[in-house]
>>> print(open('final_11.txt').read())   # compact mmCIF, N, CA and C atoms
# COMPACT_ATOMS: atom_id res chain seq x y z
N MET A 1 -0.13 14.53 20.66
CA MET A 1 0.39 14.01 21.91
C MET A 1 -0.25 14.77 23.06
N GLY A 2 -0.51 14.06 24.15
CA GLY A 2 -1.09 14.71 25.31
C GLY A 2 -0.06 15.54 26.05
N ILE A 3 -0.52 16.46 26.89
CA ILE A 3 0.36 17.35 27.64
C ILE A 3 1.26 16.57 28.59
N SER A 4 0.74 15.49 29.19
CA SER A 4 1.59 14.71 30.11
C SER A 4 2.74 14.04 29.36
N ASN A 5 2.48 13.55 28.15
CA ASN A 5 3.57 12.99 27.34
C ASN A 5 4.59 14.05 27.01
N PHE A 6 4.13 15.25 26.68
CA PHE A 6 5.06 16.32 26.32
C PHE A 6 5.94 16.69 27.51
N ILE A 7 5.37 16.73 28.68
CA ILE A 7 6.13 17.10 29.87
C ILE A 7 7.16 16.02 30.21
N THR A 8 6.78 14.75 30.13
CA THR A 8 7.70 13.67 30.51
C THR A 8 8.64 13.26 29.39
N HIS A 9 8.27 13.54 28.15
CA HIS A 9 9.09 13.14 27.00
C HIS A 9 9.16 14.28 25.98
N PRO A 10 9.72 15.43 26.36
CA PRO A 10 9.68 16.59 25.45
C PRO A 10 10.42 16.38 24.13
N VAL A 11 11.55 15.68 24.15
CA VAL A 11 12.31 15.49 22.91
C VAL A 11 11.52 14.64 21.93
N SER A 12 10.93 13.54 22.42
CA SER A 12 10.17 12.69 21.50
C SER A 12 8.90 13.40 21.05
N SER A 13 8.30 14.23 21.90
CA SER A 13 7.11 14.99 21.50
C SER A 13 7.46 15.97 20.37
N ILE A 14 8.55 16.67 20.52
CA ILE A 14 8.99 17.60 19.49
C ILE A 14 9.36 16.84 18.22
N SER A 15 10.02 15.71 18.37
CA SER A 15 10.40 14.90 17.22
C SER A 15 9.17 14.41 16.45
N ALA A 16 8.13 13.98 17.17
CA ALA A 16 6.90 13.53 16.51
C ALA A 16 6.26 14.68 15.76
N THR A 17 6.26 15.87 16.35
CA THR A 17 5.71 17.05 15.69
C THR A 17 6.50 17.37 14.43
N LEU A 18 7.82 17.26 14.51
CA LEU A 18 8.65 17.51 13.34
C LEU A 18 8.41 16.47 12.25
N LEU A 19 8.23 15.22 12.65
CA LEU A 19 7.94 14.17 11.67
C LEU A 19 6.61 14.44 10.98
N GLU A 20 5.59 14.81 11.76
CA GLU A 20 4.30 15.16 11.17
C GLU A 20 4.48 16.31 10.18
N GLY A 21 5.27 17.31 10.57
CA GLY A 21 5.54 18.45 9.69
C GLY A 21 6.26 18.03 8.42
N LEU A 22 7.16 17.09 8.54
CA LEU A 22 7.91 16.61 7.38
C LEU A 22 6.97 16.01 6.34
N ILE A 23 6.04 15.18 6.79
CA ILE A 23 5.11 14.53 5.86
C ILE A 23 4.01 15.49 5.43
N ASN A 24 3.43 16.22 6.38
CA ASN A 24 2.26 17.04 6.07
C ASN A 24 2.61 18.29 5.27
N ASN A 25 3.78 18.85 5.47
CA ASN A 25 4.20 20.08 4.81
C ASN A 25 5.62 19.91 4.30
N PHE A 26 5.78 19.07 3.30
CA PHE A 26 7.09 18.60 2.89
C PHE A 26 8.08 19.72 2.56
N ASP A 27 7.63 20.81 1.98
CA ASP A 27 8.54 21.87 1.56
C ASP A 27 8.60 23.04 2.53
N SER A 28 8.18 22.86 3.76
CA SER A 28 8.12 23.96 4.73
C SER A 28 9.41 24.06 5.54
N PRO A 29 9.60 25.19 6.25
CA PRO A 29 10.76 25.30 7.16
C PRO A 29 10.75 24.22 8.25
N LEU A 30 9.57 23.84 8.73
CA LEU A 30 9.47 22.77 9.74
C LEU A 30 10.01 21.46 9.17
N SER A 31 9.71 21.23 7.92
CA SER A 31 10.21 20.03 7.25
C SER A 31 11.74 20.04 7.19
N ARG A 32 12.32 21.18 6.90
CA ARG A 32 13.79 21.27 6.84
C ARG A 32 14.42 20.99 8.21
N LYS A 33 13.76 21.40 9.29
CA LYS A 33 14.25 21.09 10.64
C LYS A 33 14.21 19.58 10.89
N ALA A 34 13.12 18.94 10.43
CA ALA A 34 12.99 17.49 10.61
C ALA A 34 14.07 16.76 9.83
N ILE A 35 14.37 17.22 8.62
CA ILE A 35 15.41 16.60 7.81
C ILE A 35 16.74 16.65 8.55
N SER A 36 17.01 17.77 9.18
CA SER A 36 18.25 17.93 9.95
C SER A 36 18.24 17.03 11.20
N LEU A 37 17.13 17.05 11.94
CA LEU A 37 17.03 16.28 13.18
C LEU A 37 17.20 14.78 12.94
N PHE A 38 16.57 14.27 11.89
CA PHE A 38 16.60 12.84 11.61
C PHE A 38 17.79 12.43 10.76
N SER A 39 18.68 13.37 10.42
CA SER A 39 19.85 13.08 9.57
C SER A 39 19.42 12.33 8.31
N ILE A 40 18.48 12.90 7.61
CA ILE A 40 17.90 12.25 6.44
C ILE A 40 18.81 12.44 5.23
N SER A 41 19.15 11.33 4.60
CA SER A 41 20.02 11.34 3.42
C SER A 41 19.21 11.66 2.17
N GLU A 42 19.90 11.89 1.08
CA GLU A 42 19.23 12.14 -0.20
C GLU A 42 18.38 10.94 -0.63
N ASN A 43 18.89 9.73 -0.41
CA ASN A 43 18.12 8.52 -0.74
C ASN A 43 16.85 8.43 0.11
N ASP A 44 16.99 8.78 1.40
CA ASP A 44 15.83 8.77 2.29
C ASP A 44 14.80 9.81 1.84
N LEU A 45 15.28 10.97 1.39
CA LEU A 45 14.37 12.01 0.90
C LEU A 45 13.58 11.53 -0.32
N LEU A 46 14.23 10.78 -1.19
CA LEU A 46 13.53 10.23 -2.35
C LEU A 46 12.41 9.29 -1.90
N LEU A 47 12.69 8.47 -0.90
CA LEU A 47 11.68 7.56 -0.37
C LEU A 47 10.52 8.35 0.25
N ILE A 48 10.85 9.38 1.02
CA ILE A 48 9.81 10.19 1.66
C ILE A 48 8.94 10.86 0.59
N ARG A 49 9.55 11.35 -0.47
CA ARG A 49 8.77 11.96 -1.56
C ARG A 49 7.80 10.95 -2.17
N LYS A 50 8.23 9.70 -2.30
CA LYS A 50 7.35 8.67 -2.83
C LYS A 50 6.19 8.39 -1.87
N VAL A 51 6.50 8.30 -0.58
CA VAL A 51 5.46 8.08 0.43
C VAL A 51 4.48 9.25 0.44
N LYS A 52 5.00 10.45 0.30
CA LYS A 52 4.17 11.65 0.33
C LYS A 52 3.12 11.62 -0.79
N ARG A 53 3.40 10.94 -1.87
CA ARG A 53 2.41 10.84 -2.95
C ARG A 53 1.18 10.05 -2.49
N MET A 54 1.34 9.16 -1.49
CA MET A 54 0.23 8.36 -0.97
C MET A 54 -0.41 8.97 0.26
N VAL A 55 0.39 9.65 1.07
CA VAL A 55 -0.06 10.13 2.38
C VAL A 55 -0.30 11.63 2.32
N ASN A 56 -1.56 12.02 2.49
CA ASN A 56 -1.90 13.44 2.49
C ASN A 56 -1.70 14.09 3.85
N HIS A 57 -1.87 13.30 4.91
CA HIS A 57 -1.75 13.83 6.27
C HIS A 57 -1.40 12.68 7.21
N ILE A 58 -0.60 13.00 8.23
CA ILE A 58 -0.24 12.01 9.24
C ILE A 58 -0.33 12.64 10.62
N ALA A 59 -0.82 11.89 11.59
CA ALA A 59 -0.84 12.32 12.99
C ALA A 59 -0.28 11.16 13.81
N ILE A 60 0.61 11.48 14.75
CA ILE A 60 1.30 10.46 15.54
C ILE A 60 1.05 10.71 17.01
N ASN A 61 0.70 9.65 17.73
CA ASN A 61 0.53 9.74 19.17
C ASN A 61 1.32 8.60 19.81
N VAL A 62 2.25 8.95 20.68
CA VAL A 62 3.07 7.96 21.37
C VAL A 62 2.68 7.95 22.85
N ASP A 63 2.40 6.76 23.35
CA ASP A 63 2.10 6.58 24.77
C ASP A 63 3.30 5.85 25.38
N HIS A 64 4.21 6.63 25.95
CA HIS A 64 5.44 6.05 26.51
C HIS A 64 5.14 5.16 27.71
N LYS A 65 4.15 5.51 28.48
CA LYS A 65 3.82 4.73 29.68
C LYS A 65 3.44 3.29 29.32
N ASN A 66 2.66 3.15 28.24
CA ASN A 66 2.20 1.82 27.82
C ASN A 66 2.98 1.26 26.63
N SER A 67 4.06 1.95 26.24
CA SER A 67 4.88 1.53 25.09
C SER A 67 4.03 1.22 23.87
N SER A 68 3.20 2.20 23.51
CA SER A 68 2.35 2.01 22.33
C SER A 68 2.41 3.24 21.44
N LEU A 69 2.03 3.02 20.20
CA LEU A 69 2.11 4.04 19.17
C LEU A 69 0.83 3.99 18.36
N GLU A 70 0.28 5.17 18.06
CA GLU A 70 -0.89 5.25 17.19
C GLU A 70 -0.57 6.24 16.08
N VAL A 71 -0.85 5.83 14.86
CA VAL A 71 -0.62 6.68 13.69
C VAL A 71 -1.93 6.75 12.92
N LYS A 72 -2.33 7.98 12.58
CA LYS A 72 -3.51 8.17 11.74
C LYS A 72 -3.05 8.76 10.41
N LEU A 73 -3.49 8.13 9.33
CA LEU A 73 -3.08 8.52 7.99
C LEU A 73 -4.29 8.89 7.15
N LYS A 74 -4.18 9.99 6.44
CA LYS A 74 -5.16 10.33 5.41
C LYS A 74 -4.48 9.99 4.09
N LEU A 75 -4.96 8.95 3.44
CA LEU A 75 -4.32 8.42 2.24
C LEU A 75 -4.98 8.96 0.98
N ALA A 76 -4.18 9.16 -0.02
CA ALA A 76 -4.67 9.64 -1.31
C ALA A 76 -5.75 8.69 -1.85
N GLY A 77 -6.87 9.25 -2.28
CA GLY A 77 -7.94 8.45 -2.86
C GLY A 77 -8.87 7.80 -1.87
N GLU A 78 -8.62 7.95 -0.58
CA GLU A 78 -9.46 7.33 0.45
C GLU A 78 -10.29 8.41 1.17
N GLN A 79 -11.55 8.09 1.42
CA GLN A 79 -12.43 9.02 2.14
C GLN A 79 -12.13 9.02 3.65
N ASP A 80 -11.94 7.83 4.21
CA ASP A 80 -11.72 7.69 5.65
C ASP A 80 -10.24 7.59 5.96
N GLU A 81 -9.87 8.11 7.14
CA GLU A 81 -8.47 7.96 7.52
C GLU A 81 -8.21 6.52 7.96
N LEU A 82 -6.97 6.13 7.89
CA LEU A 82 -6.54 4.81 8.33
C LEU A 82 -5.81 4.99 9.66
N ALA A 83 -6.27 4.30 10.68
CA ALA A 83 -5.62 4.35 11.99
C ALA A 83 -4.85 3.04 12.20
N LEU A 84 -3.62 3.18 12.65
CA LEU A 84 -2.76 2.04 12.97
C LEU A 84 -2.32 2.18 14.42
N SER A 85 -2.33 1.09 15.15
CA SER A 85 -1.80 1.12 16.51
C SER A 85 -1.01 -0.15 16.76
N ALA A 86 -0.02 -0.03 17.62
CA ALA A 86 0.82 -1.19 17.94
C ALA A 86 1.55 -0.93 19.25
N GLY A 87 1.90 -2.00 19.91
CA GLY A 87 2.82 -1.91 21.02
C GLY A 87 4.23 -1.98 20.47
N TYR A 88 5.18 -1.48 21.21
CA TYR A 88 6.56 -1.54 20.74
C TYR A 88 7.49 -1.89 21.88
N THR A 89 8.62 -2.47 21.51
CA THR A 89 9.68 -2.79 22.44
C THR A 89 10.98 -2.29 21.83
N LYS A 90 11.77 -1.62 22.64
CA LYS A 90 13.09 -1.17 22.21
C LYS A 90 14.11 -2.17 22.71
N VAL A 91 14.86 -2.75 21.78
CA VAL A 91 15.83 -3.78 22.11
C VAL A 91 17.22 -3.25 21.79
N GLN A 92 18.07 -3.18 22.80
CA GLN A 92 19.44 -2.70 22.58
C GLN A 92 20.41 -3.84 22.84
N ASN A 93 21.36 -3.97 21.90
CA ASN A 93 22.45 -4.90 22.14
C ASN A 93 23.75 -4.17 21.81
N GLU A 94 24.84 -4.87 21.85
CA GLU A 94 26.14 -4.23 21.63
C GLU A 94 26.28 -3.66 20.23
N GLU A 95 25.63 -4.28 19.26
CA GLU A 95 25.79 -3.89 17.87
C GLU A 95 24.85 -2.78 17.43
N LYS A 96 23.57 -2.84 17.83
CA LYS A 96 22.62 -1.84 17.37
C LYS A 96 21.37 -1.84 18.24
N THR A 97 20.54 -0.85 17.97
CA THR A 97 19.25 -0.73 18.65
C THR A 97 18.16 -1.09 17.65
N LEU A 98 17.21 -1.89 18.10
CA LEU A 98 16.09 -2.31 17.27
C LEU A 98 14.78 -1.93 17.93
N PHE A 99 13.77 -1.68 17.12
CA PHE A 99 12.41 -1.49 17.60
C PHE A 99 11.58 -2.63 17.04
N ALA A 100 10.90 -3.34 17.91
CA ALA A 100 10.04 -4.44 17.51
C ALA A 100 8.59 -4.05 17.80
N PHE A 101 7.71 -4.36 16.86
CA PHE A 101 6.29 -4.04 17.03
C PHE A 101 5.49 -5.31 17.26
N HIS A 102 4.41 -5.17 18.03
CA HIS A 102 3.53 -6.30 18.30
C HIS A 102 2.11 -5.79 18.48
N ASN A 103 1.16 -6.69 18.42
CA ASN A 103 -0.26 -6.36 18.56
C ASN A 103 -0.70 -5.25 17.61
N LEU A 104 -0.31 -5.37 16.35
CA LEU A 104 -0.69 -4.38 15.36
C LEU A 104 -2.19 -4.44 15.11
N LYS A 105 -2.83 -3.29 15.14
CA LYS A 105 -4.26 -3.17 14.86
C LYS A 105 -4.45 -2.01 13.90
N THR A 106 -5.47 -2.12 13.05
CA THR A 106 -5.80 -1.03 12.14
C THR A 106 -7.30 -0.77 12.21
N SER A 107 -7.70 0.35 11.64
CA SER A 107 -9.12 0.68 11.60
C SER A 107 -9.86 -0.12 10.53
N LYS A 108 -9.12 -0.86 9.74
CA LYS A 108 -9.70 -1.72 8.71
C LYS A 108 -9.49 -3.17 9.14
N GLU A 109 -10.57 -3.86 9.50
CA GLU A 109 -10.46 -5.23 10.02
C GLU A 109 -9.69 -6.13 9.06
N TRP A 110 -9.98 -6.04 7.76
CA TRP A 110 -9.31 -6.90 6.78
C TRP A 110 -7.81 -6.68 6.77
N LEU A 111 -7.37 -5.44 6.97
CA LEU A 111 -5.95 -5.14 6.98
C LEU A 111 -5.27 -5.70 8.23
N THR A 112 -5.94 -5.61 9.37
CA THR A 112 -5.42 -6.18 10.61
C THR A 112 -5.24 -7.69 10.45
N ILE A 113 -6.23 -8.36 9.87
CA ILE A 113 -6.15 -9.81 9.64
C ILE A 113 -5.02 -10.12 8.66
N LEU A 114 -4.94 -9.36 7.58
CA LEU A 114 -3.89 -9.58 6.58
C LEU A 114 -2.51 -9.49 7.21
N VAL A 115 -2.27 -8.45 7.98
CA VAL A 115 -0.94 -8.26 8.56
C VAL A 115 -0.64 -9.31 9.62
N ASN A 116 -1.54 -9.47 10.59
CA ASN A 116 -1.26 -10.35 11.72
C ASN A 116 -1.38 -11.84 11.42
N ASP A 117 -2.34 -12.22 10.61
CA ASP A 117 -2.61 -13.65 10.40
C ASP A 117 -1.97 -14.21 9.13
N ILE A 118 -1.67 -13.35 8.18
CA ILE A 118 -1.13 -13.85 6.91
C ILE A 118 0.31 -13.40 6.70
N LEU A 119 0.55 -12.10 6.75
CA LEU A 119 1.89 -11.60 6.43
C LEU A 119 2.92 -11.97 7.49
N ILE A 120 2.63 -11.63 8.75
CA ILE A 120 3.60 -11.91 9.82
C ILE A 120 3.55 -13.40 10.13
N GLY A 121 4.67 -14.04 9.95
CA GLY A 121 4.75 -15.48 10.18
C GLY A 121 4.72 -16.29 8.91
N GLU A 122 3.97 -15.83 7.90
CA GLU A 122 3.88 -16.55 6.63
C GLU A 122 4.78 -15.92 5.56
N VAL A 123 4.65 -14.62 5.37
CA VAL A 123 5.42 -13.91 4.35
C VAL A 123 6.58 -13.15 4.99
N ILE A 124 6.31 -12.51 6.12
CA ILE A 124 7.33 -11.74 6.84
C ILE A 124 7.63 -12.48 8.14
N HIS A 125 8.87 -12.81 8.36
CA HIS A 125 9.27 -13.44 9.62
C HIS A 125 9.16 -12.39 10.72
N GLU A 126 8.74 -12.82 11.91
CA GLU A 126 8.58 -11.86 13.02
C GLU A 126 9.84 -11.04 13.27
N ASP A 127 11.00 -11.65 13.11
CA ASP A 127 12.25 -10.92 13.31
C ASP A 127 12.43 -9.81 12.28
N ASP A 128 11.76 -9.93 11.13
CA ASP A 128 11.85 -8.90 10.09
C ASP A 128 10.91 -7.74 10.37
N PHE A 129 10.09 -7.85 11.41
CA PHE A 129 9.20 -6.76 11.80
C PHE A 129 9.88 -5.91 12.88
N GLN A 130 11.20 -5.89 12.81
CA GLN A 130 12.03 -5.07 13.69
C GLN A 130 12.77 -4.08 12.82
N PHE A 131 13.01 -2.89 13.38
CA PHE A 131 13.62 -1.82 12.60
C PHE A 131 14.87 -1.32 13.31
N SER A 132 15.97 -1.34 12.60
CA SER A 132 17.26 -0.92 13.14
C SER A 132 17.40 0.59 13.04
N THR A 133 18.06 1.19 14.02
CA THR A 133 18.23 2.65 14.04
C THR A 133 19.24 3.14 13.01
N ASP A 134 19.85 2.24 12.24
CA ASP A 134 20.76 2.70 11.19
C ASP A 134 20.02 2.89 9.86
N LYS A 135 18.73 2.61 9.81
CA LYS A 135 17.89 2.83 8.63
C LYS A 135 16.91 3.96 8.94
N LEU A 136 16.33 4.54 7.90
CA LEU A 136 15.47 5.72 8.06
C LEU A 136 14.37 5.51 9.08
N PHE A 137 13.56 4.45 8.94
CA PHE A 137 12.44 4.23 9.85
C PHE A 137 12.92 4.07 11.29
N GLY A 138 14.01 3.36 11.47
CA GLY A 138 14.59 3.17 12.80
C GLY A 138 15.11 4.47 13.39
N LYS A 139 15.72 5.32 12.56
CA LYS A 139 16.20 6.64 13.03
C LYS A 139 15.03 7.45 13.56
N VAL A 140 13.94 7.45 12.81
CA VAL A 140 12.76 8.21 13.21
C VAL A 140 12.20 7.63 14.50
N LEU A 141 12.06 6.32 14.57
CA LEU A 141 11.52 5.68 15.79
C LEU A 141 12.40 6.00 17.00
N ASN A 142 13.70 6.02 16.81
CA ASN A 142 14.61 6.31 17.92
C ASN A 142 14.38 7.71 18.48
N LYS A 143 13.96 8.63 17.65
CA LYS A 143 13.69 10.01 18.11
C LYS A 143 12.33 10.15 18.77
N ILE A 144 11.32 9.40 18.28
CA ILE A 144 9.97 9.63 18.80
C ILE A 144 9.53 8.65 19.88
N LEU A 145 10.20 7.50 19.99
CA LEU A 145 9.77 6.52 21.01
C LEU A 145 10.66 6.57 22.23
>>> encode(input="final_11.txt", output="structure tokens")
Amino acid sequence: MGISNFITHPVSSISATLLEGLINNFDSPLSRKAISLFSISENDLLLIRKVKRMVNHIAINVDHKNSSLEVKLKLAGEQDELALSAGYTKVQNEEKTLFAFHNLKTSKEWLTILVNDILIGEVIHEDDFQFSTDKLFGKVLNKIL
């Protein structure tokens, strides 16, 4: 994260750093702080352990001014990192808070086409590309966005 983001959004900057620490150094003291911050349950920890088997390293950059998110992943068995970027919208109603993503792009052209042109709209309904803050991914997004 850039210094201007850290100054204007210190809590989300720290949260993103803790999330990176959780994935990159799963058994470290920083990881234990992230588990506490995100109120991660035992079931969520099992999911994170499974994801950790695929993800060797993660870097997160949030641009609050433009409501966009960039994630770089070093995946097991891959030489090149995978970059993902998307715009996001935070939607709040009386019942819950949702995060909706749009304009998803990846560093792999075929993956961008697969997600945007085939999966979203054909296999995954656009409304299903929203994440509620009562689930693990939504809890994390609520802290970093």
>>> residues_around(input="final_11.txt", residues="stretch 82-98 of chain A", least_positions_apart="6", cutoff="8 Å", atoms="all atoms listed in the file", output="tab-separated table (two decimals) with N, CA and C atoms, keeping the file's coordinate frame")
chain	number	residue	atom	x	y	z
A	66	ASN	N	2.66	3.15	28.24
A	66	ASN	CA	2.20	1.82	27.82
A	66	ASN	C	2.98	1.26	26.63
A	67	SER	N	4.06	1.95	26.24
A	67	SER	CA	4.88	1.53	25.09
A	67	SER	C	4.03	1.22	23.87
A	68	SER	N	3.20	2.20	23.51
A	68	SER	CA	2.35	2.01	22.33
A	68	SER	C	2.41	3.24	21.44
A	69	LEU	N	2.03	3.02	20.20
A	69	LEU	CA	2.11	4.04	19.17
A	69	LEU	C	0.83	3.99	18.36
A	70	GLU	N	0.28	5.17	18.06
A	70	GLU	CA	-0.89	5.25	17.19
A	70	GLU	C	-0.57	6.24	16.08
A	71	VAL	N	-0.85	5.83	14.86
A	71	VAL	CA	-0.62	6.68	13.69
A	71	VAL	C	-1.93	6.75	12.92
A	72	LYS	N	-2.33	7.98	12.58
A	72	LYS	CA	-3.51	8.17	11.74
A	72	LYS	C	-3.05	8.76	10.41
A	73	LEU	N	-3.49	8.13	9.33
A	73	LEU	CA	-3.08	8.52	7.99
A	73	LEU	C	-4.29	8.89	7.15
A	74	LYS	N	-4.18	9.99	6.44
A	74	LYS	CA	-5.16	10.33	5.41
A	74	LYS	C	-4.48	9.99	4.09
A	75	LEU	N	-4.96	8.95	3.44
A	75	LEU	CA	-4.32	8.42	2.24
A	75	LEU	C	-4.98	8.96	0.98
A	104	LEU	N	-0.31	-5.37	16.35
A	104	LEU	CA	-0.69	-4.38	15.36
A	104	LEU	C	-2.19	-4.44	15.11
A	105	LYS	N	-2.83	-3.29	15.14
A	105	LYS	CA	-4.26	-3.17	14.86
A	105	LYS	C	-4.45	-2.01	13.90
A	106	THR	N	-5.47	-2.12	13.05
A	106	THR	CA	-5.80	-1.03	12.14
A	106	THR	C	-7.30	-0.77	12.21
A	107	SER	N	-7.70	0.35	11.64
A	107	SER	CA	-9.12	0.68	11.60
A	107	SER	C	-9.86	-0.12	10.53
A	108	LYS	N	-9.12	-0.86	9.74
A	108	LYS	CA	-9.70	-1.72	8.71
A	108	LYS	C	-9.49	-3.17	9.14
A	130	GLN	N	11.20	-5.89	12.81
A	130	GLN	CA	12.03	-5.07	13.69
A	130	GLN	C	12.77	-4.08	12.82
A	131	PHE	N	13.01	-2.89	13.38
A	131	PHE	CA	13.62	-1.82	12.60
A	131	PHE	C	14.87	-1.32	13.31
A	132	SER	N	15.97	-1.34	12.60
A	132	SER	CA	17.26	-0.92	13.14
A	132	SER	C	17.40	0.59	13.04
A	133	THR	N	18.06	1.19	14.02
A	133	THR	CA	18.23	2.65	14.04
A	133	THR	C	19.24	3.14	13.01
A	134	ASP	N	19.85	2.24	12.24
A	134	ASP	CA	20.76	2.70	11.19
A	134	ASP	C	20.02	2.89	9.86
A	138	GLY	N	14.01	3.36	11.47
A	138	GLY	CA	14.59	3.17	12.80
A	138	GLY	C	15.11	4.47	13.39
>>> atom_distance(input="final_11.txt", atom1="atom N of A:Asp80", atom2="atom C of A:Phe99")
28.8 Å
>>> residues_around(input="final_11.txt", residues="A:Ile40", least_positions_apart="4", cutoff="10 Å", atoms="only C-alpha atoms", output="PyMOL selection string")
chain A and resi 32+34-36+44-45+48+135-136+139-140
>>> atom_distance(input="final_11.txt", atom1="atom C of A:Val55", atom2="atom N of A:Gly77")
8.4 Å
>>> atom_distance(input="final_11.txt", atom1="atom N of A:Met54", atom2="atom C of A:Ala76")
7.1 Å
>>> build_atoms(input="final_11.txt", residues="stretch 48-55 of chain A", atoms="all heavy atoms", output="compact mmCIF listing (two decimals), in the coordinates of the input")
# COMPACT_ATOMS: atom_id res chain seq x y z
N ILE A 48 10.85 9.38 1.02
CA ILE A 48 9.81 10.19 1.66
C ILE A 48 8.94 10.86 0.59
O ILE A 48 7.71 10.93 0.73
CB ILE A 48 10.43 11.23 2.61
CG1 ILE A 48 11.04 10.51 3.81
CG2 ILE A 48 9.39 12.25 3.07
CD1 ILE A 48 11.94 11.37 4.66
N ARG A 49 9.55 11.35 -0.47
CA ARG A 49 8.77 11.96 -1.56
C ARG A 49 7.80 10.95 -2.17
O ARG A 49 6.67 11.29 -2.51
CB ARG A 49 9.70 12.53 -2.62
CG ARG A 49 10.31 13.85 -2.23
CD ARG A 49 11.06 14.51 -3.40
NE ARG A 49 11.53 15.81 -2.98
CZ ARG A 49 12.75 16.07 -2.52
NH1 ARG A 49 13.64 15.09 -2.43
NH2 ARG A 49 13.09 17.28 -2.17
N LYS A 50 8.23 9.70 -2.30
CA LYS A 50 7.35 8.67 -2.83
C LYS A 50 6.19 8.39 -1.87
O LYS A 50 5.04 8.25 -2.29
CB LYS A 50 8.13 7.39 -3.11
CG LYS A 50 9.08 7.52 -4.28
CD LYS A 50 9.90 6.27 -4.47
CE LYS A 50 10.90 6.45 -5.61
NZ LYS A 50 11.73 5.26 -5.80
N VAL A 51 6.50 8.30 -0.58
CA VAL A 51 5.46 8.08 0.43
C VAL A 51 4.48 9.25 0.44
O VAL A 51 3.26 9.06 0.54
CB VAL A 51 6.09 7.87 1.83
CG1 VAL A 51 5.03 7.90 2.92
CG2 VAL A 51 6.86 6.56 1.86
N LYS A 52 5.00 10.45 0.30
CA LYS A 52 4.17 11.65 0.33
C LYS A 52 3.12 11.62 -0.79
O LYS A 52 2.04 12.19 -0.63
CB LYS A 52 5.06 12.90 0.21
CG LYS A 52 4.33 14.21 0.20
CD LYS A 52 3.56 14.44 1.48
CE LYS A 52 2.79 15.75 1.41
NZ LYS A 52 1.52 15.67 2.08
N ARG A 53 3.40 10.94 -1.87
CA ARG A 53 2.41 10.84 -2.95
C ARG A 53 1.18 10.05 -2.49
O ARG A 53 0.09 10.26 -3.01
CB ARG A 53 3.03 10.18 -4.18
CG ARG A 53 4.07 11.08 -4.83
CD ARG A 53 4.79 10.47 -6.00
NE ARG A 53 3.93 9.72 -6.89
CZ ARG A 53 4.36 8.69 -7.61
NH1 ARG A 53 5.61 8.28 -7.53
NH2 ARG A 53 3.52 8.06 -8.41
N MET A 54 1.34 9.16 -1.49
CA MET A 54 0.23 8.36 -0.97
C MET A 54 -0.41 8.97 0.26
O MET A 54 -1.58 8.77 0.52
CB MET A 54 0.71 6.97 -0.56
CG MET A 54 1.19 6.08 -1.63
SD MET A 54 1.60 4.44 -0.96
CE MET A 54 2.70 4.79 0.39
N VAL A 55 0.39 9.65 1.07
CA VAL A 55 -0.06 10.13 2.38
C VAL A 55 -0.30 11.63 2.32
O VAL A 55 0.63 12.41 2.13
CB VAL A 55 0.99 9.80 3.47
CG1 VAL A 55 0.54 10.33 4.82
CG2 VAL A 55 1.26 8.30 3.54
